[in-house]
Amino acid sequence: MTPSTPDQSPRFIPAVRLNLQLPTDQLEQFFPLFQRGVTVPATIGCSLKNLLCHQLAIPEEYVSERITTVFCDNCPVDDFEKTIIRNGSRIALSAAMPGLVGATMRRGGYYAALRQGISHLMQTAPAVVEDGSVTLKLFNLLMTELGPNLLAHGILLKTEELLVLRQGIPELKYNLGADTDQDQTLLAVSFLE
Amino acid sequence: MKIARIDFGAAGGPQVTYGPLGEYAGLGGRAMTSLMVATEVHPLAHALGAENKLVIAPGMLSGTTGSMSGRLSVGCKSPLTGTIKESNAGGQAAQVLARLGYAAVVLEGKPLGNDLYKIVINKDGIQVIVDNSLKLLDNYPLVAKLRTEYGDKVAYMTIGSAGERMLLAASIACTDPELRPTRHCGRGGVGAVMGSKHVKAIIIDDAGAKMRPPKDPDAFRDANRKFVEGLRKHPVTGEGLPAYGTNVLTNILNEAGGYPTKNFKSGTYEGSSKLSGEAQAELEIKRGGKATHGCHRGCVIQCSGIYNDKDGNYLTKQPEYETTWAHGGNCGIDDLDTVAMLDYMDDNIGVDTMEMGVTIGVAMDAGLIEFGDKEGAIRLVEEVGKGTPLGRVLGCGATVTGKVFAVERVPAVKDQAMAAYDPRAVQGIGVTYATTTQGADHTAGYAVATNILKVGGDVDPLKTAGQIELSRNLQIATAAIDSTGMCLFIAFAIMDQPETFQALLDMLGSFYGITMTGDDVVALGKKVLSAERDFNTRAGFTKHHDRLPRFFYNEAIAPHNQTFLMKDEELDDVFNW
């Protein structure tokens, strides 16, 4: 079963773009945001594998071996290539999880039958490829490992999210300047070695 | 190894006898407790009466140098469910008891009078001592008092005031390596049975005892090394669990729409990220606690932690996923400090955290307090600790509370509260909740190693019938692993790594001087389950008790808008082997 997701996400990247370079230890300031989900500009109508490997530049081997638990719109995903992302899709990525339910949620796992009825239905029909955005969540070990990829790609933040974020990131306070009155900002971050 | 029996109903006071293993030779953990209870306890006995027995058994490899072998099983007829019960915990007790040569210690009969006892077990034998100064002490002050007399080089098993009052959700606490009463045989009211024998504490002192020697020391050492390597290299046991503990599941279950929220009214919770294992670990480290900690010596996985309060002082051990859910999202509470305080209170009073969290959720549905009322939840658990009439109702669990306050939505099977997985989203879990011999128990089908065990053969994961077959196979595998005394979390590594499973078999084989195969493990699991099912049948349980509450069939849950779909006849097929 695949719950419908309202298509309310912005299709175009806003004009305001903020580039930051931060010390590595500032990555954890983004962890609460990663868990709640961040809006990411994306080419939609293509596969989840395309989003991860090509758009977010995550190595294919990492995707296939490390990202073992995946959800699209609350539904556990079994096949990256047969999951088509739509505008507003909500994607969550996790490493391998403990517990019977952790094993049950595992992508293509032995215990997938135990979640029958909520698994993401694989899609093969062609979709229109265009600009849009998705919500991406990162959990557990992947916050540290994929956070830099995600932030290098850029995330769309609402003003209130920026204001919360800058409480822990002094550099953001300085860089925000007069742009805080913008409704959305594309924040791209690189980290110092 | 030997079995000690303490008859509390003997003329002239408690009498200790020691005997050989006899028909129980080769058994450990759940196999020992369940086969003994099934053989020796009258199935229609009152669970708090003289005819019930409390069987305490370390695992097959407890007391050895084998890693992860420190689970302690406690078995009896459950006062909560009326079924047979096995509840297990970590902590130090299993290792120490096994090193002293006990395969089981059995508490039998019922004492006359009101005296309260403590049991001292050491290399010289077992002493049963009257100590009424311990009356109504809760677990933390109780252990602190006992430590002044027996010191820090022993293991303690204790009950708090809930066990003494024989409340149906009462647990038995086992001390961890820091001698905190944090590891609990929580489910099924085993603490009430210990209370019914008037036993407040068991002090286990292994001074002068040695590690249990394997038949083939070299082979055992080699197998243990490979086993540890396997655990360390696996992403779940080597990375995820040590970093975040079991509460790493909060985000996952919420994302799957299977996180029961506000007494099972929704499958997602808006405050879940505030309760997550990720947030918990960050807070623990920030406050000078620990996000990685073992519940017993010899643990490689280290899935626990130390949770400090805002001032950096110890508050409780890291609350597990099920606890954080039960007192958190299930009650509409998104505050980790409140959850940690409730976890401490449960451990101190000596009640099952899952049963209590679900009970508070039912009480909220009854209108006693509002969902999200943090102070109110603490106040209700305080009532349990004080033993007020309301507290006694709550301390007897979700089903009793639901009946007293006329709440229809009570998420329990065979009167035991469900854990943190909604069976409408994860239907296969619902099959296990419904059919397990133990009441709604998420760990009854937890040993995710059926593929490697080849129990039941290969299953097509995309077929509906697979859910029944998988649940059956999982329950068999779990019964077997529970009997070894190994932590269930080893299942992830042995599921994915055949060489790690082989290492476990080699540990058992080299220790006992036998050849152990996967078929032997499966046979053991089936033997345990068959004995448990037989006991339950004789106690009056039928297939009609293997069902979920009706609201799971009638109320669809968001976000998947799904009800529990498994047919009764499919559930009835689980135990056809």
# chains A, B, ... in the order shown; residues from 1 in each chain; ligands from 1
$ select_by_dssp --residues "chain A" --states "alpha helix (DSSP H)" --output "number ranges by chain"
A: 31-36, 48-49, 60-66, 99-105, 141-153, 159-165, 170-176
$ residues_around --residues "segment 31-48 of chain A" --least-positions-apart "6" --cutoff "6 Å" --atoms "only C-alpha atoms" --output "MDAnalysis selection string"
chainID A and resid 80:81 83:86 127:139 155:156
$ closest_residue --among "B:Phe264, B:Tyr117, B:Tyr314, B:Tyr259" --to "Glu284 of chain B" --atoms "only C-alpha atoms"
B:Tyr314
$ atom_distance --atom1 "atom CA of Ala192 of chain B" --atom2 "atom CA of Leu48 of chain B"
7.3 Å
$ atom_distance --atom1 "atom CA of Val404 of chain B" --atom2 "atom CA of Asn52 of chain B"
26.7 Å
$ interface_residues --of "chain A" --to "chain B" --cutoff "9 Å" --atoms "only C-alpha atoms" --output "ChimeraX atom specification"
/A:1-3,31-32,35-36,66,69,71-76,92,94-105,108-118,139-141
$ write_last_selection --atoms "N, CA and C atoms" --output "compact mmCIF listing (two decimals), in the first residue's frame"
# COMPACT_ATOMS: atom_id res chain seq x y z
N MET A 1 0.85 -1.19 0.00
CA MET A 1 0.00 0.00 0.00
C MET A 1 0.89 1.25 0.00
N THR A 2 0.50 2.23 -0.78
CA THR A 2 1.29 3.47 -0.84
C THR A 2 0.38 4.64 -0.54
N PRO A 3 0.45 5.21 0.67
CA PRO A 3 -0.40 6.36 0.97
C PRO A 3 -0.09 7.51 0.02
N PHE A 31 21.58 17.31 12.90
CA PHE A 31 20.99 15.99 13.14
C PHE A 31 19.49 16.04 13.45
N PRO A 32 19.04 16.98 14.30
CA PRO A 32 17.58 17.02 14.53
C PRO A 32 16.80 17.27 13.23
N GLN A 35 16.61 14.16 11.06
CA GLN A 35 15.63 13.18 11.53
C GLN A 35 14.19 13.60 11.22
N ARG A 36 13.93 14.91 11.29
CA ARG A 36 12.58 15.39 10.97
C ARG A 36 12.35 15.41 9.46
N ARG A 66 25.13 -0.27 2.39
CA ARG A 66 24.99 0.40 3.68
C ARG A 66 23.56 0.87 3.95
N THR A 69 17.84 0.03 5.00
CA THR A 69 16.45 0.27 5.40
C THR A 69 15.99 1.58 4.78
N PHE A 71 12.51 3.98 3.34
CA PHE A 71 11.07 4.19 3.27
C PHE A 71 10.76 5.26 2.24
N CYS A 72 9.67 5.07 1.52
CA CYS A 72 9.16 6.12 0.64
C CYS A 72 7.70 6.33 1.03
N ASP A 73 7.39 7.51 1.51
CA ASP A 73 6.03 7.83 1.95
C ASP A 73 5.50 6.78 2.94
N ASN A 74 6.29 6.50 3.95
CA ASN A 74 5.97 5.55 5.04
C ASN A 74 5.99 4.08 4.63
N CYS A 75 6.33 3.79 3.40
CA CYS A 75 6.31 2.40 2.94
C CYS A 75 7.72 1.86 2.77
N PRO A 76 8.02 0.72 3.36
CA PRO A 76 9.36 0.13 3.21
C PRO A 76 9.64 -0.19 1.74
N ALA A 92 13.13 8.19 3.55
CA ALA A 92 13.92 8.04 4.79
C ALA A 92 14.94 6.94 4.58
N SER A 94 18.19 4.60 6.30
CA SER A 94 18.76 4.11 7.55
C SER A 94 19.72 2.95 7.28
N ALA A 95 20.62 2.76 8.22
CA ALA A 95 21.47 1.57 8.19
C ALA A 95 20.67 0.37 8.69
N ALA A 96 21.33 -0.79 8.79
CA ALA A 96 20.65 -2.01 9.25
C ALA A 96 20.17 -1.83 10.68
N MET A 97 18.98 -2.34 10.96
CA MET A 97 18.34 -2.12 12.25
C MET A 97 18.19 -3.40 13.05
N PRO A 98 18.19 -3.28 14.38
CA PRO A 98 18.03 -4.46 15.22
C PRO A 98 16.57 -4.88 15.34
N GLY A 99 16.37 -5.98 15.99
CA GLY A 99 15.02 -6.43 16.30
C GLY A 99 14.39 -7.16 15.13
N LEU A 100 13.36 -7.92 15.45
CA LEU A 100 12.64 -8.59 14.38
C LEU A 100 12.08 -7.58 13.40
N VAL A 101 11.55 -6.47 13.94
CA VAL A 101 10.97 -5.49 13.03
C VAL A 101 12.07 -4.80 12.22
N GLY A 102 13.22 -4.61 12.84
CA GLY A 102 14.35 -4.07 12.08
C GLY A 102 14.68 -4.96 10.90
N ALA A 103 14.71 -6.27 11.15
CA ALA A 103 14.98 -7.22 10.06
C ALA A 103 13.83 -7.25 9.07
N THR A 104 12.63 -7.06 9.58
CA THR A 104 11.45 -7.07 8.70
C THR A 104 11.47 -5.88 7.73
N MET A 105 11.95 -4.76 8.22
CA MET A 105 11.96 -3.56 7.38
C MET A 105 13.13 -3.56 6.39
N GLY A 108 14.46 -5.73 0.76
CA GLY A 108 14.56 -7.04 0.13
C GLY A 108 14.88 -8.15 1.11
N GLY A 109 14.51 -7.95 2.36
CA GLY A 109 14.94 -8.88 3.41
C GLY A 109 14.13 -10.16 3.47
N TYR A 110 14.67 -11.10 4.20
CA TYR A 110 14.06 -12.43 4.34
C TYR A 110 12.70 -12.35 5.00
N TYR A 111 12.51 -11.35 5.85
CA TYR A 111 11.27 -11.26 6.63
C TYR A 111 10.28 -10.23 6.08
N ALA A 112 10.46 -9.86 4.80
CA ALA A 112 9.59 -8.84 4.21
C ALA A 112 8.11 -9.23 4.27
N ALA A 113 7.82 -10.53 4.26
CA ALA A 113 6.42 -10.96 4.29
C ALA A 113 5.71 -10.44 5.53
N LEU A 114 6.46 -10.25 6.60
CA LEU A 114 5.83 -9.83 7.85
C LEU A 114 5.27 -8.41 7.77
N ARG A 115 5.69 -7.66 6.75
CA ARG A 115 5.16 -6.29 6.59
C ARG A 115 4.30 -6.18 5.34
N GLN A 116 3.82 -7.31 4.90
CA GLN A 116 3.00 -7.28 3.70
C GLN A 116 1.80 -6.36 3.92
N GLY A 117 1.49 -5.57 2.92
CA GLY A 117 0.38 -4.62 3.05
C GLY A 117 0.87 -3.20 3.17
N ILE A 118 2.10 -3.02 3.65
CA ILE A 118 2.62 -1.65 3.72
C ILE A 118 3.85 -1.46 2.83
N PHE A 139 18.67 8.79 9.22
CA PHE A 139 18.64 8.26 10.58
C PHE A 139 19.98 7.61 10.95
N ASN A 140 20.20 7.53 12.23
CA ASN A 140 21.32 6.81 12.87
C ASN A 140 22.67 7.03 12.20
N LEU A 141 23.36 5.97 11.84
CA LEU A 141 24.74 6.10 11.35
C LEU A 141 24.82 6.93 10.08
$ select_by_dssp --residues "segment 302-360 of chain B" --states "strand (DSSP E)" --output "number ranges by chain"
B: 304-308, 314-317
$ residues_around --residues "Val41 of chain B" --least-positions-apart "2" --cutoff "7 Å" --atoms "only C-alpha atoms" --output "PyMOL selection string"
chain B and resi 37-39+43+51-53
$ closest_residue --among "B:Thr563, B:Ala31, B:Phe8, B:Gly75" --to "Ala479 of chain B" --atoms "only C-alpha atoms"
B:Ala31
$ closest_residue --among "B:Val407, B:Met354, B:Ile333, B:Ala291" --to "Glu370 of chain B" --atoms "only C-alpha atoms"
B:Ile333
$ residues_around --residues "Ile306 of chain B" --least-positions-apart "6" --cutoff "12 Å" --atoms "only C-alpha atoms" --output "number ranges by chain"
B: 176, 178, 180, 182, 244-245, 280-295, 312-320, 340, 344
$ atom_distance --atom1 "atom CA of Gly28 of chain B" --atom2 "atom CA of Val300 of chain B"
21.4 Å
$ residues_around --residues "segment 21-27 of chain A" --least-positions-apart "2" --cutoff "12 Å" --atoms "only C-alpha atoms" --output "NGL selection string"
:A and (18-19 or 29-34 or 143-152 or 165-172 or 175 or 187-193)
$ write_last_selection --atoms "N, CA, C and O atoms" --output "compact mmCIF listing (two decimals), in the first residue's frame"
# COMPACT_ATOMS: atom_id res chain seq x y z
N LEU A 18 22.70 30.24 -0.04
CA LEU A 18 23.68 30.53 1.00
C LEU A 18 24.72 29.42 1.02
O LEU A 18 24.37 28.25 1.19
N ASN A 19 25.97 29.76 0.82
CA ASN A 19 27.04 28.77 0.86
C ASN A 19 27.85 28.96 2.13
O ASN A 19 28.24 30.09 2.44
N GLN A 29 24.90 19.66 14.38
CA GLN A 29 23.84 20.66 14.53
C GLN A 29 22.66 20.38 13.60
O GLN A 29 21.55 20.84 13.82
N PHE A 30 22.96 19.64 12.54
CA PHE A 30 21.90 19.35 11.56
C PHE A 30 21.14 18.06 11.89
O PHE A 30 20.18 17.74 11.21
N PHE A 31 21.58 17.31 12.90
CA PHE A 31 20.99 15.99 13.14
C PHE A 31 19.49 16.04 13.45
O PHE A 31 18.73 15.22 12.91
N PRO A 32 19.04 16.98 14.30
CA PRO A 32 17.58 17.02 14.53
C PRO A 32 16.80 17.27 13.23
O PRO A 32 15.74 16.69 13.00
N LEU A 33 17.38 18.12 12.40
CA LEU A 33 16.75 18.44 11.11
C LEU A 33 16.72 17.21 10.20
O LEU A 33 15.71 16.93 9.55
N PHE A 34 17.82 16.50 10.16
CA PHE A 34 17.88 15.29 9.33
C PHE A 34 16.81 14.29 9.76
O PHE A 34 16.20 13.63 8.92
N MET A 143 23.39 9.67 9.38
CA MET A 143 23.43 11.13 9.58
C MET A 143 24.86 11.63 9.43
O MET A 143 25.11 12.65 8.80
N THR A 144 25.78 10.91 10.04
CA THR A 144 27.19 11.30 9.96
C THR A 144 27.77 11.01 8.58
O THR A 144 28.51 11.82 8.03
N GLU A 145 27.38 9.86 8.05
CA GLU A 145 28.02 9.40 6.81
C GLU A 145 27.48 10.10 5.56
O GLU A 145 28.22 10.34 4.61
N LEU A 146 26.18 10.39 5.54
CA LEU A 146 25.60 11.00 4.34
C LEU A 146 25.29 12.48 4.51
O LEU A 146 24.99 13.17 3.52
N GLY A 147 25.34 12.96 5.75
CA GLY A 147 25.04 14.37 5.98
C GLY A 147 25.85 15.30 5.09
O GLY A 147 25.28 16.22 4.45
N PRO A 148 27.16 15.10 4.97
CA PRO A 148 27.96 15.99 4.12
C PRO A 148 27.52 15.97 2.64
O PRO A 148 27.49 17.01 1.99
N ASN A 149 27.15 14.79 2.14
CA ASN A 149 26.65 14.71 0.75
C ASN A 149 25.40 15.55 0.59
O ASN A 149 25.25 16.31 -0.38
N LEU A 150 24.51 15.37 1.53
CA LEU A 150 23.23 16.05 1.46
C LEU A 150 23.42 17.57 1.53
O LEU A 150 22.83 18.33 0.75
N LEU A 151 24.26 17.99 2.44
CA LEU A 151 24.47 19.44 2.62
C LEU A 151 25.27 20.03 1.47
O LEU A 151 25.10 21.21 1.12
N ALA A 152 26.14 19.25 0.89
CA ALA A 152 26.87 19.75 -0.28
C ALA A 152 25.92 19.96 -1.45
O ALA A 152 26.03 20.92 -2.22
N LEU A 165 18.40 26.80 13.47
CA LEU A 165 19.72 26.25 13.15
C LEU A 165 20.84 27.21 13.55
O LEU A 165 21.90 26.79 14.03
N ARG A 166 20.61 28.48 13.38
CA ARG A 166 21.70 29.42 13.63
C ARG A 166 21.98 29.61 15.13
O ARG A 166 23.01 30.16 15.50
N GLN A 167 21.07 29.10 15.97
CA GLN A 167 21.37 29.15 17.41
C GLN A 167 22.59 28.31 17.76
O GLN A 167 23.30 28.59 18.72
N GLY A 168 22.85 27.27 16.95
CA GLY A 168 23.99 26.41 17.24
C GLY A 168 25.15 26.60 16.29
O GLY A 168 26.20 25.98 16.46
N ILE A 169 24.95 27.42 15.26
CA ILE A 169 26.01 27.61 14.25
C ILE A 169 26.34 29.09 14.13
O ILE A 169 25.66 29.84 13.41
N PRO A 170 27.39 29.54 14.81
CA PRO A 170 27.74 30.96 14.78
C PRO A 170 27.98 31.47 13.37
O PRO A 170 27.60 32.61 13.03
N GLU A 171 28.58 30.65 12.53
CA GLU A 171 28.87 31.08 11.16
C GLU A 171 27.59 31.41 10.40
O GLU A 171 27.56 32.34 9.58
N LEU A 172 26.55 30.68 10.69
CA LEU A 172 25.27 30.92 10.02
C LEU A 172 24.69 32.24 10.47
O LEU A 172 24.11 32.99 9.69
N ASN A 175 26.43 34.87 8.48
CA ASN A 175 26.13 34.87 7.05
C ASN A 175 24.68 35.20 6.73
O ASN A 175 24.39 35.60 5.61
N LEU A 187 20.47 26.27 1.35
CA LEU A 187 21.72 26.27 2.11
C LEU A 187 22.60 25.13 1.62
O LEU A 187 22.21 23.97 1.62
N ALA A 188 23.80 25.50 1.18
CA ALA A 188 24.78 24.48 0.78
C ALA A 188 25.98 24.60 1.71
O ALA A 188 26.47 25.70 1.97
N VAL A 189 26.43 23.47 2.22
CA VAL A 189 27.50 23.49 3.23
C VAL A 189 28.63 22.56 2.79
O VAL A 189 28.39 21.43 2.35
N SER A 190 29.84 23.05 2.92
CA SER A 190 30.99 22.15 2.81
C SER A 190 31.71 22.17 4.15
O SER A 190 31.61 23.14 4.91
N PHE A 191 32.42 21.09 4.43
CA PHE A 191 33.05 20.98 5.75
C PHE A 191 34.56 21.01 5.63
O PHE A 191 35.14 20.40 4.72
N LEU A 192 35.16 21.73 6.57
CA LEU A 192 36.62 21.81 6.62
C LEU A 192 37.17 20.48 7.10
O LEU A 192 36.58 19.82 7.95
N GLU A 193 38.28 20.08 6.55
CA GLU A 193 38.92 18.81 6.98
C GLU A 193 39.45 18.96 8.40
O GLU A 193 39.96 19.99 8.77
